[in-house]
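As stored in query.cif (mmCIF, C-alpha atoms):
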data_run
loop_
_atom_site.label_atom_id
_atom_site.label_comp_id
_atom_site.auth_asym_id
_atom_site.auth_seq_id
_atom_site.Cartn_x
_atom_site.Cartn_y
_atom_site.Cartn_z
CA MET A 1 40.25 -21.17 81.89
CA THR A 2 37.74 -19.91 79.33
CA ILE A 3 38.63 -17.16 76.86
CA ALA A 4 36.19 -14.84 78.67
CA LEU A 5 37.97 -15.38 81.99
CA ARG A 6 41.35 -14.83 80.35
CA LEU A 7 40.15 -11.56 78.84
CA GLN A 8 38.83 -10.46 82.21
CA ALA A 9 42.13 -11.23 83.91
CA ALA A 10 44.08 -9.33 81.23
CA LEU A 11 41.80 -6.32 81.58
CA GLU A 12 42.10 -6.26 85.36
CA ALA A 13 45.89 -6.38 85.06
CA ALA A 14 45.76 -3.28 82.81
CA THR A 15 43.55 -1.29 85.19
CA SER A 16 45.38 1.22 87.35
CA PRO A 17 44.38 2.46 90.83
CA LEU A 18 43.24 5.74 89.21
CA ALA A 19 41.86 4.85 85.79
CA ARG A 20 39.60 1.92 85.04
CA ALA A 21 39.98 0.29 81.65
CA ALA A 22 37.23 -0.64 79.18
CA LEU A 23 37.33 -3.42 76.60
CA ALA A 24 35.11 -4.79 73.82
CA VAL A 25 36.10 -7.87 71.80
CA ASP A 26 34.02 -9.11 68.88
CA ALA A 27 35.37 -12.25 67.20
CA PRO A 28 32.62 -13.84 65.07
CA ALA A 29 34.93 -16.71 64.07
CA LEU A 30 35.01 -17.67 67.77
CA GLY A 31 31.39 -16.84 68.52
CA LEU A 32 32.68 -14.21 70.92
CA ALA A 33 31.13 -10.83 71.77
CA TRP A 34 32.71 -9.83 75.08
CA ARG A 35 32.54 -6.62 77.11
CA GLY A 36 34.45 -5.83 80.27
CA GLY A 37 35.52 -3.13 82.69
CA THR A 38 33.82 0.21 82.09
CA ALA A 39 32.55 -0.83 78.66
CA ASP A 40 29.20 0.86 79.28
CA ARG A 41 30.80 4.24 80.12
CA PRO A 42 31.34 6.77 77.29
CA PHE A 43 34.75 8.43 77.08
CA ARG A 44 36.64 10.97 74.98
CA ILE A 45 37.98 8.94 72.08
CA ALA A 46 40.40 11.72 70.99
CA SER A 47 42.22 10.78 67.77
CA ILE A 48 39.96 7.81 67.09
CA THR A 49 37.71 10.61 65.83
CA LYS A 50 39.96 10.85 62.75
CA PRO A 51 38.55 7.77 60.94
CA PHE A 52 35.08 9.29 61.34
CA VAL A 53 36.31 12.52 59.75
CA ALA A 54 38.10 10.58 57.01
CA ALA A 55 34.96 8.55 56.27
CA THR A 56 33.00 11.80 56.00
CA ILE A 57 35.44 13.15 53.40
CA HIS A 58 35.16 9.91 51.42
CA ARG A 59 31.35 10.08 51.55
CA LEU A 60 31.51 13.63 50.18
CA ARG A 61 33.74 12.31 47.43
CA GLU A 62 31.20 9.57 46.65
CA GLU A 63 28.49 12.24 46.43
CA GLY A 64 30.59 14.27 44.00
CA VAL A 65 30.99 17.24 46.34
CA LEU A 66 34.81 17.16 46.25
CA THR A 67 37.75 15.07 45.10
CA LEU A 68 40.75 13.89 47.07
CA ASP A 69 43.00 15.75 44.63
CA ASP A 70 41.35 19.05 45.53
CA THR A 71 43.77 21.41 47.22
CA ILE A 72 43.02 23.16 50.45
CA ALA A 73 43.22 26.45 48.54
CA ARG A 74 39.88 25.48 47.00
CA HIS A 75 37.99 24.73 50.21
CA ALA A 76 39.56 26.21 53.37
CA THR A 77 38.62 29.62 54.75
CA ALA A 78 40.58 32.74 53.85
CA GLU A 79 41.72 32.99 57.48
CA THR A 80 43.16 29.49 57.47
CA LEU A 81 44.80 29.91 54.07
CA LEU A 82 46.44 33.16 55.16
CA ALA A 83 47.78 31.56 58.35
CA LEU A 84 49.22 28.58 56.46
CA THR A 85 50.72 30.75 53.74
CA ARG A 86 52.43 32.94 56.31
CA GLY A 87 53.70 29.74 57.94
CA GLY A 88 55.50 28.77 54.74
CA TYR A 89 52.96 26.38 53.22
CA ASP A 90 51.86 26.26 49.58
CA CYS A 91 48.09 25.88 49.95
CA GLY A 92 47.78 25.26 46.22
CA ALA A 93 49.93 22.14 46.56
CA ILE A 94 48.44 20.47 49.68
CA THR A 95 45.63 18.07 48.77
CA LEU A 96 42.85 16.54 50.81
CA ALA A 97 44.43 13.12 50.26
CA GLN A 98 47.64 14.37 51.86
CA LEU A 99 45.76 15.72 54.88
CA LEU A 100 44.00 12.36 55.26
CA SER A 101 47.24 10.38 55.11
CA HIS A 102 49.39 12.80 57.16
CA THR A 103 51.63 13.45 54.18
CA SER A 104 50.91 17.19 53.83
CA GLY A 105 54.08 18.32 55.60
CA LEU A 106 52.06 20.18 58.25
CA THR A 107 53.61 20.62 61.68
CA ASP A 108 51.45 19.15 64.47
CA HIS A 109 50.10 21.70 66.93
CA SER A 110 49.23 18.97 69.45
CA VAL A 111 52.90 18.18 70.08
CA ALA A 112 54.05 21.80 69.96
CA PRO A 113 56.25 22.64 72.96
CA GLY A 114 54.09 23.41 75.95
CA PHE A 115 50.66 22.73 74.40
CA VAL A 116 49.58 19.94 76.73
CA ARG A 117 51.18 21.75 79.68
CA ALA A 118 49.19 24.86 78.78
CA VAL A 119 45.98 22.83 78.65
CA ALA A 120 46.69 21.23 82.04
CA ALA A 121 47.62 24.59 83.60
CA ASP A 122 44.42 26.28 82.39
CA PRO A 123 41.98 23.41 81.88
CA ARG A 124 38.89 25.58 81.33
CA ARG A 125 40.44 27.61 78.53
CA ARG A 126 38.30 27.58 75.39
CA TRP A 127 40.54 26.97 72.40
CA THR A 128 39.60 27.80 68.83
CA ARG A 129 40.54 26.12 65.59
CA ALA A 130 42.34 29.28 64.49
CA GLU A 131 44.44 29.34 67.69
CA GLN A 132 45.55 25.77 67.15
CA ILE A 133 46.48 26.39 63.53
CA ALA A 134 48.44 29.46 64.64
CA LEU A 135 50.18 27.35 67.28
CA ALA A 136 51.25 24.87 64.59
CA MET A 137 52.67 27.72 62.52
CA ARG A 138 54.74 28.92 65.49
CA ALA A 139 55.92 25.40 66.30
CA GLY A 140 58.19 25.20 63.30
CA PRO A 141 58.52 25.24 59.53
CA PRO A 142 56.91 22.66 57.24
CA ILE A 143 58.12 19.11 57.88
CA GLY A 144 58.70 18.67 54.16
CA PRO A 145 57.15 19.20 50.72
CA PRO A 146 53.53 18.02 50.34
CA GLY A 147 53.37 14.31 49.54
CA ALA A 148 57.04 13.66 50.26
CA CYS A 149 56.91 12.32 53.80
CA TYR A 150 54.70 10.90 56.54
CA ALA A 151 54.37 13.01 59.68
CA TYR A 152 51.30 12.55 61.87
CA ALA A 153 49.51 15.87 62.45
CA ASP A 154 46.27 16.70 64.24
CA THR A 155 46.48 20.05 62.48
CA GLY A 156 45.67 18.46 59.12
CA TYR A 157 42.47 16.98 60.50
CA ILE A 158 41.25 20.21 62.00
CA VAL A 159 41.68 21.74 58.54
CA LEU A 160 39.63 18.82 57.17
CA GLY A 161 36.99 19.54 59.82
CA GLU A 162 36.76 23.13 58.62
CA ILE A 163 36.48 21.99 54.99
CA ILE A 164 33.65 19.57 55.87
CA GLU A 165 31.72 22.43 57.45
CA ARG A 166 32.27 24.72 54.46
CA VAL A 167 31.24 22.25 51.73
CA THR A 168 28.22 20.85 53.60
CA GLY A 169 26.93 24.01 55.27
CA LEU A 170 26.54 21.91 58.43
CA SER A 171 28.39 21.81 61.71
CA LEU A 172 31.09 19.16 61.85
CA ALA A 173 28.97 17.15 64.28
CA GLN A 174 25.92 17.26 62.00
CA ALA A 175 27.91 16.36 58.90
CA VAL A 176 29.66 13.39 60.50
CA ARG A 177 26.40 12.09 62.00
CA ARG A 178 24.58 12.25 58.67
CA LEU A 179 27.32 11.09 56.31
CA VAL A 180 28.77 8.33 58.51
CA ARG A 181 25.20 7.23 59.38
CA LEU A 182 25.80 7.02 63.10
CA ASP A 183 22.10 6.68 63.90
CA ALA A 184 21.51 3.97 61.31
CA LEU A 185 24.46 2.04 62.73
CA GLY A 186 22.82 2.11 66.16
CA MET A 187 25.68 4.03 67.75
CA ALA A 188 23.45 5.36 70.50
CA GLN A 189 26.30 6.31 72.84
CA THR A 190 28.34 8.32 70.34
CA TRP A 191 28.13 12.10 70.05
CA TRP A 192 30.28 15.19 69.51
CA GLU A 193 31.15 16.74 72.85
CA THR A 194 29.59 20.21 73.39
CA LEU A 195 28.45 20.34 69.74
CA GLU A 196 25.61 17.86 70.34
CA GLU A 197 23.46 17.06 73.31
CA PRO A 198 24.32 13.77 75.04
CA PRO A 199 21.80 11.00 74.38
CA ALA A 200 18.98 10.78 76.92
CA GLY A 201 20.09 8.69 79.87
CA ALA A 202 23.74 8.57 78.80
CA PRO A 203 26.00 7.40 81.64
CA GLU A 204 28.47 9.83 83.16
CA LEU A 205 31.70 10.11 81.19
CA GLN A 206 34.54 7.87 82.23
CA PRO A 207 37.14 9.86 84.24
CA GLN A 208 40.44 10.33 82.44
CA TRP A 209 43.89 11.08 83.80
CA HIS A 210 47.09 12.73 82.64
CA ASP A 211 50.40 12.21 84.45
CA GLY A 212 48.55 10.96 87.52
CA ALA A 213 46.26 14.00 87.78
CA SER A 214 42.61 14.20 86.81
CA ALA A 215 42.07 15.57 83.30
CA SER A 216 38.31 15.18 83.23
CA ASP A 217 37.86 18.95 83.63
CA TRP A 218 39.95 19.79 80.55
CA HIS A 219 37.70 21.83 78.30
CA PRO A 220 36.90 19.70 75.22
CA SER A 221 37.98 22.51 72.89
CA PHE A 222 41.60 21.46 73.35
CA ASP A 223 40.79 18.49 71.06
CA LEU A 224 37.46 19.20 69.37
CA PHE A 225 37.76 20.26 65.75
CA GLY A 226 38.36 17.06 63.79
CA GLY A 227 41.59 15.68 65.23
CA GLY A 228 39.37 14.65 68.15
CA GLY A 229 36.02 15.59 69.59
CA LEU A 230 33.81 12.52 69.69
CA ILE A 231 32.52 10.74 72.77
CA SER A 232 31.85 7.03 72.41
CA THR A 233 32.01 3.62 74.06
CA VAL A 234 34.19 0.64 73.19
CA GLY A 235 31.10 -1.21 71.95
CA ASP A 236 30.10 1.61 69.61
CA LEU A 237 33.68 1.84 68.32
CA ASN A 238 33.63 -1.87 67.47
CA ARG A 239 30.36 -1.33 65.64
CA PHE A 240 31.83 1.57 63.66
CA LEU A 241 35.05 -0.17 62.63
CA ALA A 242 33.26 -3.37 61.63
CA ALA A 243 30.74 -1.41 59.54
CA LEU A 244 33.48 0.68 57.93
CA LEU A 245 35.53 -2.34 56.84
CA ALA A 246 32.40 -4.22 55.72
CA GLY A 247 31.43 -1.48 53.27
CA GLU A 248 28.36 -0.39 55.20
CA ILE A 249 29.45 3.27 55.45
CA LEU A 250 31.45 3.65 52.24
CA ARG A 251 31.23 1.65 49.03
CA PRO A 252 33.49 -1.43 49.16
CA ALA A 253 35.53 -0.07 46.25
CA THR A 254 36.04 3.20 48.11
CA VAL A 255 37.26 1.33 51.20
CA ALA A 256 39.67 -0.80 49.18
CA GLU A 257 41.13 2.24 47.43
CA ALA A 258 41.36 4.28 50.63
CA LEU A 259 43.26 1.54 52.46
CA ALA A 260 46.09 1.58 49.91
CA THR A 261 48.84 3.22 52.00
CA PRO A 262 50.69 6.05 50.24
CA ALA A 263 54.26 5.07 49.40
CA VAL A 264 56.21 7.64 51.38
CA ALA A 265 59.20 7.37 53.66
CA PRO A 266 58.85 8.31 57.35
CA ALA A 267 59.78 11.92 57.94
CA GLN A 268 60.91 11.40 61.53
CA ALA A 269 61.14 8.67 64.14
CA THR A 270 58.22 10.23 66.04
CA THR A 271 55.72 7.51 65.08
CA PRO A 272 57.66 4.22 64.93
CA GLY A 273 55.79 1.14 63.77
CA ARG A 274 53.00 3.19 62.21
CA ASN A 275 51.85 4.58 58.89
CA HIS A 276 48.54 5.82 57.58
CA SER A 277 46.28 5.14 54.63
CA LEU A 278 43.61 7.52 53.39
CA LEU A 279 41.22 6.05 55.97
CA LEU A 280 42.90 4.19 58.85
CA ALA A 281 46.27 3.82 60.49
CA THR A 282 48.34 0.69 60.02
CA MET A 283 49.93 -0.23 63.34
CA ARG A 284 52.33 -2.89 64.55
CA ILE A 285 50.88 -4.92 67.43
CA GLY A 286 53.62 -7.26 68.57
CA LYS A 287 54.98 -8.80 65.39
CA ARG A 288 51.82 -8.28 63.33
CA TRP A 289 50.25 -5.35 61.53
CA CYS A 290 46.64 -4.33 62.02
CA LEU A 291 44.23 -1.65 60.83
CA GLY A 292 42.59 0.87 63.14
CA HIS A 293 43.45 3.95 65.13
CA THR A 294 44.62 4.99 68.57
CA GLY A 295 43.74 7.91 70.85
CA PHE A 296 45.42 10.16 73.39
CA TRP A 297 43.84 8.49 76.43
CA GLY A 298 45.46 5.09 75.90
CA SER A 299 42.63 4.03 73.61
CA ALA A 300 42.44 2.04 70.39
CA THR A 301 40.05 0.44 67.95
CA VAL A 302 41.61 -2.22 65.71
CA ARG A 303 40.89 -5.12 63.38
CA LEU A 304 43.26 -7.93 64.29
CA PRO A 305 44.63 -10.03 61.43
CA GLY A 306 44.21 -13.77 61.37
CA THR A 307 41.18 -14.12 63.62
CA GLY A 308 39.45 -11.06 62.12
CA ALA A 309 38.50 -9.87 65.61
CA THR A 310 37.49 -6.26 66.20
CA VAL A 311 38.84 -4.90 69.49
CA SER A 312 38.32 -1.52 71.14
CA LEU A 313 39.77 -0.52 74.48
CA SER A 314 40.66 2.47 76.60
CA ILE A 315 43.06 2.70 79.50
CA ASN A 316 41.55 6.18 80.15
CA ALA A 317 44.92 7.73 80.92
CA SER A 318 47.58 9.45 78.84
CA GLY A 319 51.35 9.20 78.95
CA ASP A 320 54.02 6.65 78.11
CA ARG A 321 52.94 4.11 80.74
CA ALA A 322 49.32 4.17 79.59
CA TRP A 323 50.39 3.88 75.96
CA ARG A 324 52.60 0.91 76.71
CA ALA A 325 49.83 -0.74 78.75
CA MET A 326 47.39 -0.28 75.86
CA LEU A 327 49.78 -1.82 73.31
CA ASP A 328 50.69 -4.68 75.65
CA LEU A 329 47.00 -5.41 76.26
CA LEU A 330 46.28 -5.46 72.52
CA GLU A 331 49.18 -7.83 71.90
CA LEU A 332 48.03 -10.11 74.71
CA ILE A 333 44.45 -10.16 73.40
CA ASP A 334 45.69 -10.99 69.90
CA THR A 335 47.83 -13.83 71.28
CA MET A 336 44.91 -15.21 73.31
CA LEU A 337 42.50 -15.09 70.38
CA VAL A 338 44.96 -16.81 68.04
CA ALA A 339 45.59 -19.52 70.63
CA GLU A 340 41.85 -20.01 71.11
CA TRP A 341 41.26 -20.22 67.37
CA CYS A 342 44.08 -22.73 66.92
CA SER A 343 42.81 -24.89 69.79
CA ARG A 344 39.39 -25.06 68.16
CA SER A 345 40.70 -25.56 64.62
CA ALA A 346 43.59 -27.99 64.89
CA GLY A 347 45.60 -28.06 61.70
CA ALA A 348 43.80 -25.13 60.09
CA LYS A 349 45.65 -22.03 58.97
CA LEU A 350 44.87 -18.51 60.05
CA SER A 351 44.26 -15.91 57.42
CA PRO A 352 47.11 -13.37 57.05
#

Please go through the file and, once you have read it, give me the structure as structure tokens.
Amino acid sequence: MTIALRLQAALEAATSPLARAALAVDAPALGLAWRGGTADRPFRIASITKPFVAATIHRLREEGVLTLDDTIARHATAETLLALTRGGYDCGAITLAQLLSHTSGLTDHSVAPGFVRAVAADPRRRWTRAEQIALAMRAGPPIGPPGACYAYADTGYIVLGEIIERVTGLSLAQAVRRLVRLDALGMAQTWWETLEEPPAGAPELQPQWHDGASASDWHPSFDLFGGGGLISTVGDLNRFLAALLAGEILRPATVAEALATPAVAPAQATTPGRNHSLLLATMRIGKRWCLGHTGFWGSATVRLPGTGATVSLSINASGDRAWRAMLDLLELIDTMLVAEWCSRSAGAKLSP
């Protein structure tokens, strides 16, 4: 069976009766550029938006607009600073680097008790950035001192989104599009939901599901302000990640520095097998580590070690089962690509 047929079989096995999966695999070492499932359908990429936001911050650093050692006290709005201060945070101690790497100590509003239930119960509610920051403040005290621990937090990225708007004078969508060079990269099916018009002729969004119920009518404001917000396709995500790691968005030296993971101990066992650099997450896929990011809807974009393949996929459903299916599919794809490479290169060694 060819590698294309094996990929197709794996994708079909990961597709549920409700949600259809999408997959893009680009492995230049194998001469492979494969698309399957609903690869042509845009979808909410959720937290995969974060590397776009991070790249925007790094571009602003390259332009001399800010530094990663700047504190949020220098750039955030008075409203946000007041909310964080009342929540017990020292805004003069939290840096942009700590927000990027989830080491700021901020509590995550997206996992606050009842948040997702509230969204599902009132799907057309229009959330604001300020409401979500306030929700994080009510969810609990700081996880720890700034820089002392790793604790994944959407809240940090919505603060970064606000800072991007303040220092550029642009909307978050405009700033990301310009600084990440989405148009120059040919990412024609990528846009910020509700903040930009969909491209002419864009296909209908891929339906997405939560706990077996349709979530396609959830108002995008529940995940819009920098922790999420972008619409894309698996093909466009592959294009973005490949360009990012190749130094086509940021200077190669910036990429190398940003990928140096901060040396902090995990704060909690809420994100096992995962850490975060100043640009991308480092994730365990099977027994190997890879660079990339995941999203709420069982989605991921990753660079697999060894074969150097770039893989993006979406199960288009949230929850533990969808998450497990996504990770299992990534591990299976990695195994298949390594086996294919070895069969073509007998005796040769894979890169680490």

Minimum-distance residue to Ala188 of chain A, chosen among A:Ala202, A:Leu7, A:Leu66, A:Ala46 (using all atoms listed in the file):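 Under the stated criterion, the closest residue is A:Ala202.
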
Output as a Markdown table one row per residue of segment 92-201 of chain A within 10 Å of segment 242-262 of chain A: the closest atom pair and its distance in Å to one decimal place, counting all atoms listed in the file, sorted by chain and residue number ascending.
| residue | atom | partner | partner_atom | distance |
| --- | --- | --- | --- | --- |
| A:Ala97 | CA | A:Ala258 | CA | 9.4 |
| A:Gln98 | CA | A:Pro262 | CA | 9.0 |
| A:Leu100 | CA | A:Ala258 | CA | 9.7 |
| A:Ser101 | CA | A:Pro262 | CA | 7.4 |
| A:His102 | CA | A:Pro262 | CA | 9.8 |
| A:Thr103 | CA | A:Pro262 | CA | 8.4 |
| A:Gly147 | CA | A:Pro262 | CA | 8.7 |
| A:Ala148 | CA | A:Pro262 | CA | 9.9 |
| A:Cys149 | CA | A:Pro262 | CA | 9.5 |
| A:Tyr150 | CA | A:Pro262 | CA | 8.9 |
| A:Leu179 | CA | A:Ile249 | CA | 8.2 |
| A:Val180 | CA | A:Ile249 | CA | 6.0 |
| A:Arg181 | CA | A:Ile249 | CA | 7.0 |
| A:Leu182 | CA | A:Ile249 | CA | 9.3 |
| A:Ala184 | CA | A:Ile249 | CA | 9.9 |
| A:Leu185 | CA | A:Ala243 | CA | 7.8 |

Polymer residues at most 8 Å from Thr38 of chain A, only C-alpha atoms, same-chain spacing of 3 or more positions, as JSON, numbers by chain: {"A": [20, 21, 22, 23, 41, 206]}

Counting all atoms listed in the file, the option among A:Lys50, A:Arg117, A:His58, A:Arg166 closest to Asp211 of chain A: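 That would be A:Arg117, the residue with the smallest distance to Asp211 of chain A.
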
Distance criterion (only C-alpha atoms): nearest to Asp223 of chain A out of A:Leu313, A:Ile158, A:Leu81, A:Leu106: A:Ile158

Contacts of segment 340-342 of chain A at 12 Å (all atoms listed in the file; same-chain gap of 2+ positions) as a PyMOL selection string: chain A and resi 1-4+6-7+27-32+306-309+333-338+344-351

Hits of the PyMOL selection byres ((chain A and resi 111) around 10) in this structure, as a PyMOL selection string: chain A and resi 107-110+112-116+135-136+139+153-154
